[in-house]
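Student: Here it is, the structure, as structure tokens.
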Amino acid sequence: MTPPIIAGLRDIADRYDGFIIDLWGVIHDGFTPYPGATEALAELVKHGKRAVMLSNAPRPSSSVIELMSGLGIARDLYLDLVTSGEAVHDEMLSRRDPWFAALGHRCLHIGTERDLNLFDGLALDLVGRLDEAQFLMVTGLFNDDDQVEDCRPLLDAARARNLPMVCANPDLVVIASGRPQVCAGALAQYYERIGGDVRYRGKPDPAIYDVCLARLGLSDRKRVLAVGDGFHTDVAGAAAARIDCLFCTGGIHAEEMGTQYGKPPDPDQLEKAIVRNGNLRPTAAIAGFVW
């Protein structure tokens, strides 16, 4: 059955004690909070709910918390914040995973300078040439307006050298000021398609949801709701973690469904989008993160 489209969080909040909430496309667009989002977070706090933010941002959680504060999203509106960048940093620091342990220390970074704080505290040599690198770390594209095609020559050459890739942001695309912006996950997807070896940390990996559950202090997964706007990250991740998912239709799939943030989609269009995206079926849908 097509998931019900609810008017606001108030319709289902009583079913859950904890919330794992996406940022871009749900709470803000990278520059401005969406109408009603901070008020909805305040209502969750008022009703005794626990909220952890989960973002595929390729940066330490502290820098994303700082960004949130700068957008006017107060720190007391959520319990904690977890990022894919933080998870990658922990893997690179501990080297517990044998795959990460074998990477070496000479890294070619694909991404913008604003993501360089991901490397703070890591014993890595950031190299400038492919022939010097032992692996790739992709946090995004070199410029915000770039497309996958702009990086194909570099990725093809890296594949010819059999360089492994760490993807610090599994998102394929986000909405920034109302416009789609290609993310690191799209580069990783292409690299895998040409036979490259890639490791991700972040949604939809269920391990990062275990981190969120621990931060929430909750063990009953039936009482936890994930909220997000991506079928292949948020909906798939929640399913893999065995928790319910509230799908925000006003995010990255809004154009696909002929809608926009805050405007409920036609149920038939929602169902078609679900089928097109691998039949990844959320528990319910909402037009925007409002109470």
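Please note that chains go A, B, ... in the order of the structure tokens, that every chain numbers its residues from 1, and that ligands are numbered from 1 in the order shown.
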Pick out the residues sitting within 7 Å of Arg223 (chain A), and hand them over as a ChimeraX atom specification; count only C-alpha atoms, and ignore anything fewer than 6 positions along from it in its own chain.
Tutor: /A:15-18
Student: Print the selection's residues with N, CA, C and O atoms to a file, as a JSON list (two decimals), in the first residue's frame.
Tutor:
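That gives us result37.json:
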[["chain", "number", "residue", "atom", "x", "y", "z"],
["A", 15, "ARG", "N", 3.89, 7.58, 18.89],
["A", 15, "ARG", "CA", 4.33, 6.19, 18.67],
["A", 15, "ARG", "C", 5.82, 6.00, 18.96],
["A", 15, "ARG", "O", 6.30, 4.87, 19.02],
["A", 16, "TYR", "N", 6.55, 7.11, 19.10],
["A", 16, "TYR", "CA", 8.02, 7.02, 19.15],
["A", 16, "TYR", "C", 8.59, 7.81, 20.33],
["A", 16, "TYR", "O", 8.04, 8.82, 20.75],
["A", 17, "ASP", "N", 9.72, 7.28, 20.82],
["A", 17, "ASP", "CA", 10.46, 7.98, 21.88],
["A", 17, "ASP", "C", 11.68, 8.71, 21.32],
["A", 17, "ASP", "O", 12.11, 9.72, 21.88],
["A", 18, "GLY", "N", 12.23, 8.18, 20.24],
["A", 18, "GLY", "CA", 13.43, 8.76, 19.66],
["A", 18, "GLY", "C", 13.29, 9.02, 18.17],
["A", 18, "GLY", "O", 12.57, 8.29, 17.46]]
Student: Quick check for you: according to DSSP on this backbone, which residues of region 13-261 of chain A are classed as strand (DSSP E)? Reply as a ChimeraX atom specification.
Tutor: /A:18-21,50-55,80-83,106-110,125-126,135-138,165-167,173-176,179-182,198-200,224-228,244-248
Student: Given the choices A:Pro153, A:Tyr261, A:Asp266, A:Phe247, which gets closest to Leu280 (chain A) if the distance is worked out from only C-alpha atoms?
Tutor: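 Looking at the shortest contact to Leu280 (chain A), the residue is A:Phe247.
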Student: Measure the distance from CA of Arg114 (chain A) to CA of Glu149 (chain A) in Å and round it to one decimal.
Tutor: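 We find that CA of Arg114 (chain A) and CA of Glu149 (chain A) lie 21.9 Å from each other.
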Student: Could you check which of A:Gly8, A:Ala57, A:Ile286, A:Ser69 is closest to Glu43 (chain A), using only C-alpha atoms?
Tutor: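 Of A:Gly8, A:Ala57, A:Ile286, A:Ser69, the one nearest Glu43 (chain A), counting only C-alpha atoms, is A:Gly8.
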Student: Tell me which protein, DNA and RNA residues are within 10 Å of Glu86 (chain A), counting only C-alpha atoms, leaving out same-chain ones fewer than 4 positions away, and put them as a count of residues only.
Tutor: 17
Student: Any idea what's packed within 9 Å of Leu163 (chain A), counting only C-alpha atoms, ignoring anything in its chain fewer than 5 positions away? Could you give it as a ChimeraX atom specification?
Tutor: /A:133-136,158,196-197
Student: I'd like to know which of A:Ala239, A:Leu246, A:Ile73, A:Leu213 is closest to His28 (chain A), using only C-alpha atoms.
Tutor: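 Result for the nearest residue to His28 (chain A): A:Ile73.
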Student: At a cut-off of 12 Å, using only C-alpha atoms, what residues contact Glu39 (chain A)? Leave out same-chain residues fewer than 6 positions from it and give the result as a list in words.
Tutor: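 Here the answer would be Gly8, Leu9, Arg10, Ile27, Pro33, Val45, Lys46, Gly72, Ile73, Ala74, Leu77, Phe289, Val290 and Trp291 of chain A.
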Student: If we count only C-alpha atoms, what is near Ala184 (chain A) at a cut-off of 9 Å, once residues fewer than 6 positions away on the same chain are taken out, given as a list in words?
Tutor: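 The neighbour list is Pro58, Ile110, Gly111, Val138, Thr139, Gly140, Leu141, Cys167, Ala168, Asn169, Pro170, Asp171, Leu172 and Val173 of chain A.
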Student: Hey, which of A:Val64, A:Ala40, A:Val211, A:Ala51 ends up closest to Asp80 (chain A)? Count only C-alpha atoms.
Tutor: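 Closest candidate: A:Ala51.
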Student: With only C-alpha atoms as the counted atoms, please give the residues lying no more than 10 Å from Gln147 (chain A), apart from itself and same-chain residues fewer than 5 positions off, as a list of chain:residue names.
Tutor: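 Final neighbour list, sorted by chain and number: A:Leu141, A:Phe142, A:Arg152, A:Gln181, A:Val182, A:Cys183, A:Ala186, A:Leu187.
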Student: Which one of A:Leu218, A:Ala176, A:Ile274, A:Val198 sits closest to Lys49 (chain A) if you count only C-alpha atoms?
Tutor: A:Leu218
Student: Give the alpha helix (DSSP H) residues of region 138-241 of chain A, as assigned by DSSP on the backbone, as a PyMOL selection string.
Tutor: chain A and resi 148-160+184-193+206-216+236-240
Student: For the selection you just gave me, I'd like the residues written to a file as a short mmCIF file (atom, residue, chain, number, x, y, z; two decimals), in the first residue's frame, keeping N, CA, C and O atoms.
Tutor:
data_model
loop_
_atom_site.label_atom_id
_atom_site.label_comp_id
_atom_site.auth_asym_id
_atom_site.auth_seq_id
_atom_site.Cartn_x
_atom_site.Cartn_y
_atom_site.Cartn_z
N VAL A 148 29.39 14.78 -12.45
CA VAL A 148 30.23 13.58 -12.44
C VAL A 148 31.15 13.55 -13.65
O VAL A 148 32.33 13.17 -13.55
N GLU A 149 30.64 14.00 -14.79
CA GLU A 149 31.43 13.98 -16.02
C GLU A 149 32.73 14.77 -15.89
O GLU A 149 33.75 14.43 -16.52
N ASP A 150 32.71 15.81 -15.07
CA ASP A 150 33.92 16.63 -14.89
C ASP A 150 35.04 15.85 -14.21
O ASP A 150 36.22 16.19 -14.37
N CYS A 151 34.69 14.84 -13.44
CA CYS A 151 35.69 14.06 -12.69
C CYS A 151 35.99 12.71 -13.34
O CYS A 151 36.86 11.98 -12.84
N ARG A 152 35.31 12.39 -14.41
CA ARG A 152 35.50 11.07 -15.02
C ARG A 152 36.94 10.79 -15.45
O ARG A 152 37.45 9.69 -15.20
N PRO A 153 37.65 11.73 -16.09
CA PRO A 153 39.04 11.43 -16.48
C PRO A 153 39.91 11.05 -15.28
O PRO A 153 40.72 10.11 -15.35
N LEU A 154 39.75 11.77 -14.17
CA LEU A 154 40.53 11.48 -12.97
C LEU A 154 40.15 10.12 -12.41
O LEU A 154 41.02 9.32 -12.04
N LEU A 155 38.86 9.83 -12.35
CA LEU A 155 38.40 8.56 -11.80
C LEU A 155 38.81 7.39 -12.69
O LEU A 155 39.20 6.32 -12.18
N ASP A 156 38.73 7.58 -13.99
CA ASP A 156 39.17 6.52 -14.91
C ASP A 156 40.65 6.22 -14.72
O ASP A 156 41.07 5.05 -14.72
N ALA A 157 41.46 7.26 -14.56
CA ALA A 157 42.90 7.07 -14.35
C ALA A 157 43.19 6.40 -13.02
O ALA A 157 44.08 5.55 -12.91
N ALA A 158 42.40 6.76 -11.99
CA ALA A 158 42.57 6.13 -10.68
C ALA A 158 42.21 4.65 -10.74
O ALA A 158 42.88 3.80 -10.13
N ARG A 159 41.17 4.33 -11.49
CA ARG A 159 40.76 2.92 -11.63
C ARG A 159 41.85 2.13 -12.35
O ARG A 159 42.12 0.98 -11.99
N ALA A 160 42.49 2.74 -13.33
CA ALA A 160 43.57 2.06 -14.05
C ALA A 160 44.73 1.73 -13.13
O ALA A 160 45.46 0.76 -13.36
N ALA A 184 29.36 13.40 -3.18
CA ALA A 184 30.44 12.41 -3.33
C ALA A 184 29.92 11.04 -3.71
O ALA A 184 30.58 10.29 -4.43
N GLY A 185 28.73 10.69 -3.21
CA GLY A 185 28.18 9.37 -3.52
C GLY A 185 28.01 9.11 -5.00
O GLY A 185 28.12 7.97 -5.45
N ALA A 186 27.75 10.17 -5.77
CA ALA A 186 27.61 10.00 -7.22
C ALA A 186 28.94 9.63 -7.85
O ALA A 186 29.00 8.82 -8.79
N LEU A 187 30.05 10.20 -7.35
CA LEU A 187 31.37 9.83 -7.84
C LEU A 187 31.71 8.39 -7.46
O LEU A 187 32.26 7.63 -8.27
N ALA A 188 31.38 8.02 -6.22
CA ALA A 188 31.64 6.66 -5.76
C ALA A 188 30.82 5.65 -6.56
O ALA A 188 31.31 4.56 -6.88
N GLN A 189 29.59 6.02 -6.87
CA GLN A 189 28.73 5.14 -7.67
C GLN A 189 29.34 4.89 -9.05
O GLN A 189 29.36 3.76 -9.54
N TYR A 190 29.84 5.95 -9.67
CA TYR A 190 30.50 5.80 -10.97
C TYR A 190 31.76 4.94 -10.84
O TYR A 190 32.01 4.06 -11.68
N TYR A 191 32.54 5.19 -9.79
CA TYR A 191 33.78 4.44 -9.60
C TYR A 191 33.50 2.95 -9.42
O TYR A 191 34.24 2.11 -9.95
N GLU A 192 32.46 2.63 -8.69
CA GLU A 192 32.07 1.23 -8.54
C GLU A 192 31.64 0.64 -9.88
O GLU A 192 31.93 -0.53 -10.18
N ARG A 193 30.93 1.44 -10.66
CA ARG A 193 30.42 0.96 -11.94
C ARG A 193 31.55 0.59 -12.89
O ARG A 193 31.40 -0.33 -13.72
N PRO A 206 23.80 0.38 8.04
CA PRO A 206 23.10 0.26 9.33
C PRO A 206 23.97 0.53 10.54
O PRO A 206 23.46 0.86 11.62
N ALA A 207 25.30 0.42 10.39
CA ALA A 207 26.19 0.64 11.53
C ALA A 207 26.07 2.05 12.08
O ALA A 207 26.17 2.26 13.30
N ILE A 208 25.82 3.03 11.22
CA ILE A 208 25.74 4.41 11.71
C ILE A 208 24.45 4.64 12.48
O ILE A 208 24.37 5.52 13.35
N TYR A 209 23.42 3.83 12.20
CA TYR A 209 22.19 3.92 12.98
C TYR A 209 22.40 3.34 14.38
O TYR A 209 21.78 3.81 15.34
N ASP A 210 23.27 2.35 14.50
CA ASP A 210 23.61 1.83 15.83
C ASP A 210 24.25 2.91 16.68
O ASP A 210 23.99 3.02 17.88
N VAL A 211 25.10 3.73 16.05
CA VAL A 211 25.71 4.86 16.75
C VAL A 211 24.62 5.82 17.24
O VAL A 211 24.64 6.28 18.38
N CYS A 212 23.66 6.10 16.37
CA CYS A 212 22.57 7.03 16.73
C CYS A 212 21.72 6.47 17.86
O CYS A 212 21.33 7.21 18.78
N LEU A 213 21.42 5.18 17.82
CA LEU A 213 20.63 4.56 18.88
C LEU A 213 21.36 4.65 20.22
O LEU A 213 20.74 4.91 21.26
N ALA A 214 22.67 4.47 20.17
CA ALA A 214 23.45 4.59 21.40
C ALA A 214 23.41 6.02 21.93
O ALA A 214 23.29 6.25 23.14
N ARG A 215 23.49 7.00 21.03
CA ARG A 215 23.43 8.40 21.46
C ARG A 215 22.04 8.74 22.02
O ARG A 215 21.92 9.55 22.93
N LEU A 216 21.01 8.11 21.45
CA LEU A 216 19.65 8.32 21.95
C LEU A 216 19.43 7.63 23.30
O LEU A 216 18.54 8.02 24.07
N ALA A 236 16.33 3.49 2.67
CA ALA A 236 17.09 2.23 2.65
C ALA A 236 17.84 2.02 3.96
O ALA A 236 17.89 0.89 4.48
N GLY A 237 18.41 3.08 4.50
CA GLY A 237 19.16 2.96 5.75
C GLY A 237 18.27 2.57 6.92
O GLY A 237 18.64 1.72 7.74
N ALA A 238 17.10 3.19 7.01
CA ALA A 238 16.17 2.85 8.08
C ALA A 238 15.73 1.39 7.97
O ALA A 238 15.63 0.68 8.98
N ALA A 239 15.46 0.94 6.75
CA ALA A 239 15.06 -0.46 6.55
C ALA A 239 16.16 -1.41 6.98
O ALA A 239 15.91 -2.42 7.64
N ALA A 240 17.41 -1.08 6.61
CA ALA A 240 18.54 -1.93 6.98
C ALA A 240 18.74 -1.96 8.50
O ALA A 240 19.18 -2.97 9.06
#
Student: What gap, in Å, lies between CA of Ile5 (chain A) and CA of Phe31 (chain A)?
Tutor: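 Computing it gives 26.7 Å between the two atoms.
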Student: Calculated over only C-alpha atoms, which of the candidates A:Gly85, A:Gly230, A:Pro3, A:Pro35 has the smallest distance to Gly288 (chain A)?
Tutor: A:Pro35
Student: Figure out the distance between CA of His105 (chain A) and CA of Glu132 (chain A), please, to one decimal in Å.
Tutor: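 Answer for the CA of Glu132 (chain A) to CA of His105 (chain A) separation: 10.6 Å.
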